[in-house]
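Student: The structure's right below; bear with me while I get my questions together.
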Amino acid sequence: MMKKILLVCAAGMSTSLLVNKMKEAAQNKGIEIEIDALPVSEASSVIDEVHVVLLGPQVRYQKSQVDALVKGRIPVEVIDMRSYGIMDGEAVLNRALELMG
Amino acid sequence: MAFMSSFEKGMEKVLVPIATKLNSQRHIVAIRDAFILSFPITMAGSLVLLLNFAILAPDGFIAKILFLHKLFPSLAEYQSVFIPVINGSTNILSMFIVFLVARNIAIELKADDLLSGITALSTFFIIYPPYQNVDGASLLTAQWLGAQGLFVALIVGLLVGEIFSRLSKSEKLQIKMPASVPPAVARTFKVLFPIIIITILFAIANAIINAVYPAGLHQLIYTVLQTPLKQLGTSSVWSIIILAFVSNLLWIFGIHGPNTIAAIREAMFTEANLENLNYVAANGSAWGAPYEISWAINDAFANYGGSGMTLGLLIAVFIVSRRKDYRDIGKLSLAPGLFNINEPIIFGLPVVLNPILIIPFVLAPIVNILIGWSAIHFGLIPPIAYSVPWTTPGPLIAFLGTGGNWLALVIGFVCLAVSTLIYLPFVMAANKAADVVQK
């Protein structure tokens, strides 16, 4: 089954930049993976279909909200500020792969 | 640096829980998301009006550039065609809001969200001022459907959302249908009693309030709640400065500021924004719009590049920074920065917890708000009366927001230059500090 990563931020705008970088990185590695960005208010609708949730550091205070949604079923983590800032798609992708095991 | 990290830990301990509360408290979230969801509708209305006057009015800025009125002399007559668009957007905003707030609450409480929203809309009209018979026609006032009914919409949406979600979960109130009944039918019967209870409750409350206060519930809430809050927001430029300060301060700790203050900001300024827009719809010009102070000032003059006026920071980096890491982040941040998205520069440079850069990050927007406000206050440019999407590149928001005032565009560029000048010395200092740390 294809793995799915969900990125969450305030409006889904800046994370969508990171999503593109992550997709590039995945292509270079030859990995097939689905990556999406959504605002937290819309995350609940797809959360049952994804395998890991990463939060933008600017909405790290919403982690408890996401934790409550996933109930420990999948890993939830806040993206490292530095990797987020320099839009390091590869580093974030690697971390996501690590979290999914 | 030791001071900074203990300061950081202290602030993190204080600020993150507050931001968490504000951003996860379900009533605040319901209100915030209702405004976010209704945003495209109000924005569409605003843009249609803007284009209408810019192209069709004889003194519209596009008409002037293209000499449209020399080519098509009867063009102005068609302005009335597009005015009704506003009747379908901002003039009925309260109806959208009451539905969306109740829907959002029900989603959060895992109840039937659409029926919760519809019930709230129904309740909104149960407590609405009654029909009046004028010359045989039955008329309902439009007064409370738009901006002025906003607080009633918020309160009804919250109350109905809560009551509906709770009542509809009670087993005792559900009418059980045999398994052979189609689910769509069973769904309506499930919530029939909760809806009846809510409508009766509000009908009674309405009757009592009308007996005590004959002008009615809408007038009461408008006078007691909405007007004072609106005045708090629009009577002095300090309200904008303080809100911008808080919002930018939150970013310094890496917390999304605008999102955190969205609910209070919208409650304070939405009516003023819509009244300005209605004024434009009626008069065809932003000059003389009733509210010179509104949150639009921040977007039009102090939010270029995103929170903290970081377009000025980017330009400053390109001018003085010799450091490769700064220039690389600058290049990466330029494209999103033009559309006021600045997470890359905030987290990448970083601005977050950077003891030097946080000073201009807070200071530049305040200076720019004062410049923009002064230009409006002293009559150089009209108030920012048109709503323009916040992702519009910097000075264009000032230009379009005033209905195409060229001086507003110039003042926008002045604000950009001033913010660059404010950032310059701090970028130099931050570079020196980074060099020292590396050695």
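In the structure tokens, chains take the letters A, B, ... in the order shown, each chain's residues start at 1, and ligands count up from 1 in the order shown.
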Using only C-alpha atoms, determine which residues of chain A fall within 8 Å of chain B; present them as a PyMOL selection string.

Tutor: chain A and resi 10+13-14+41+57-62+65+81-87

Student: What would the file look like if the residues just selected were written as a PDB file, in the first residue's frame with C-alpha atoms?

Tutor:
```
ATOM      1  CA  ALA A  10      -2.191  27.391   9.368  1.00  0.00           C
ATOM      2  CA  MET A  13       0.214  27.607   2.001  1.00  0.00           C
ATOM      3  CA  SER A  14       3.773  27.508   3.249  1.00  0.00           C
ATOM      4  CA  SER A  41      -9.131  22.761  10.445  1.00  0.00           C
ATOM      5  CA  PRO A  57       6.576  24.690  13.613  1.00  0.00           C
ATOM      6  CA  GLN A  58       4.307  27.760  13.540  1.00  0.00           C
ATOM      7  CA  VAL A  59       1.338  25.603  14.528  1.00  0.00           C
ATOM      8  CA  ARG A  60       3.201  23.353  16.996  1.00  0.00           C
ATOM      9  CA  TYR A  61       0.696  24.423  19.669  1.00  0.00           C
ATOM     10  CA  GLN A  62      -1.910  22.449  17.727  1.00  0.00           C
ATOM     11  CA  GLN A  65      -5.387  18.714  18.832  1.00  0.00           C
ATOM     12  CA  MET A  81      12.333  24.803  12.528  1.00  0.00           C
ATOM     13  CA  ARG A  82      15.580  24.967  10.608  1.00  0.00           C
ATOM     14  CA  SER A  83      14.617  22.269   8.087  1.00  0.00           C
ATOM     15  CA  TYR A  84      11.265  23.984   7.672  1.00  0.00           C
ATOM     16  CA  GLY A  85      12.822  27.389   7.142  1.00  0.00           C
ATOM     17  CA  ILE A  86      15.307  26.323   4.490  1.00  0.00           C
ATOM     18  CA  MET A  87      12.588  24.124   2.956  1.00  0.00           C
TER      19      MET A  87
END
```

Student: Determine which residues of segment 199-349 of chain B DSSP labels as helix (DSSP H, G or I) from the backbone of this structure, then write them out as an MDAnalysis selection string.

Tutor: chainID B and resid 199:212 217:234 238:252 257:260 262:283 296:301 307:320 324:338 343:348

Student: Compile the contact shell of Glu77 of chain A as a PyMOL selection string: residues with an atom at most 7 Å away, counting only C-alpha atoms, same-chain residues fewer than 4 positions apart removed.

Tutor: chain A and resi 53-55

Student: Generate the output file for the selected residues, N, CA and C atoms, as a PDB file, in the first residue's frame.

Tutor:
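Contents of the output file result-v5.pdb:
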```
ATOM      1  N   VAL A  53       1.748  12.260  10.453  1.00  0.00           N
ATOM      2  CA  VAL A  53       1.356  13.667  10.380  1.00  0.00           C
ATOM      3  C   VAL A  53       2.524  14.519  10.853  1.00  0.00           C
ATOM      4  N   LEU A  54       2.902  15.510  10.035  1.00  0.00           N
ATOM      5  CA  LEU A  54       3.950  16.446  10.429  1.00  0.00           C
ATOM      6  C   LEU A  54       3.342  17.841  10.526  1.00  0.00           C
ATOM      7  N   LEU A  55       3.650  18.537  11.625  1.00  0.00           N
ATOM      8  CA  LEU A  55       3.118  19.885  11.800  1.00  0.00           C
ATOM      9  C   LEU A  55       4.184  20.924  11.500  1.00  0.00           C
TER      10      LEU A  55
END
```

Student: Smallest atom-to-atom distance to Ser168 of chain B: which of B:Ala296, B:Ala262, B:Leu313, B:Val191, using only C-alpha atoms?

Tutor: B:Val191

Student: Can you list, as a list of chain:residue names, every protein, DNA or RNA residue that comes within 9 Å of Ala26 of chain A when you count only C-alpha atoms, leaving out same-chain residues fewer than 5 positions away?

Tutor: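 The neighbour list is A:Lys21, A:Ile31, A:Glu32, A:Ile33, A:Gly89, A:Glu90, A:Leu93.
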
Student: To one decimal place, how far is atom CA of Gly233 of chain B from atom CA of Trp373 of chain B in Å?

Tutor: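 A separation of 13.8 Å between them.
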
Student: At a cut-off of 12 Å, using only C-alpha atoms, what residues contact Glu34 of chain A? Leave out same-chain residues fewer than 2 positions from it and give the result as a list in words.

Tutor: Met1, Met2, Lys3, Lys4, Ile5, Leu6, Leu7, Val19, Asn20, Met22, Lys23, Glu24, Ala26, Gln27, Ile31, Glu32, Asp36, Ala37, Glu49, Val50, His51, Val52, Leu93, Ala96 and Leu97 of chain A

Student: Taking the DSSP assignment computed from this structure's backbone, write out as a PDB file with C-alpha atoms, in the first residue's frame all residues of chain A that belong to strand (DSSP E or B).

Tutor:
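File selection_12.pdb, as written:
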```pdb
ATOM      1  CA  LYS A   3       2.396   5.459   2.145  1.00  0.00           C
ATOM      2  CA  LYS A   4       0.794   8.828   2.781  1.00  0.00           C
ATOM      3  CA  ILE A   5       2.291  11.813   4.597  1.00  0.00           C
ATOM      4  CA  LEU A   6       0.125  14.703   5.816  1.00  0.00           C
ATOM      5  CA  LEU A   7       1.647  18.119   6.497  1.00  0.00           C
ATOM      6  CA  VAL A   8      -0.361  20.544   8.603  1.00  0.00           C
ATOM      7  CA  CYS A   9      -0.013  24.316   8.898  1.00  0.00           C
ATOM      8  CA  ILE A  33       4.773   8.258  -1.790  1.00  0.00           C
ATOM      9  CA  GLU A  34       1.778  10.556  -1.431  1.00  0.00           C
ATOM     10  CA  ILE A  35       2.325  13.887   0.340  1.00  0.00           C
ATOM     11  CA  ASP A  36      -0.359  16.471   1.072  1.00  0.00           C
ATOM     12  CA  ALA A  37      -0.635  19.799   2.907  1.00  0.00           C
ATOM     13  CA  LEU A  38      -3.784  20.933   4.709  1.00  0.00           C
ATOM     14  CA  PRO A  39      -4.809  23.531   7.267  1.00  0.00           C
ATOM     15  CA  VAL A  52       2.280  10.074   9.513  1.00  0.00           C
ATOM     16  CA  VAL A  53       1.356  13.667  10.380  1.00  0.00           C
ATOM     17  CA  LEU A  54       3.950  16.446  10.429  1.00  0.00           C
ATOM     18  CA  LEU A  55       3.118  19.885  11.800  1.00  0.00           C
ATOM     19  CA  VAL A  76       2.699  12.904  14.923  1.00  0.00           C
ATOM     20  CA  GLU A  77       5.687  15.236  14.994  1.00  0.00           C
ATOM     21  CA  VAL A  78       6.546  18.926  14.708  1.00  0.00           C
TER      22      VAL A  78
END
```

Student: Tell me, as a list in words, which residues lie within 8 Å of Leu416 of chain B, counting only C-alpha atoms; anything in the same chain fewer than 5 positions away does not count.

Tutor: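 What passes the distance filter is Tyr304, Met309, Leu311, Gly312 and Pro395 of chain B.
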
Student: Applying 10 Å and only C-alpha atoms, which residues near Ala106 of chain B remain after dropping the ones on its own chain fewer than 3 positions away? List them as an MDAnalysis selection string.

Tutor: chainID B and resid 30 100:103 109:117 158 160:166
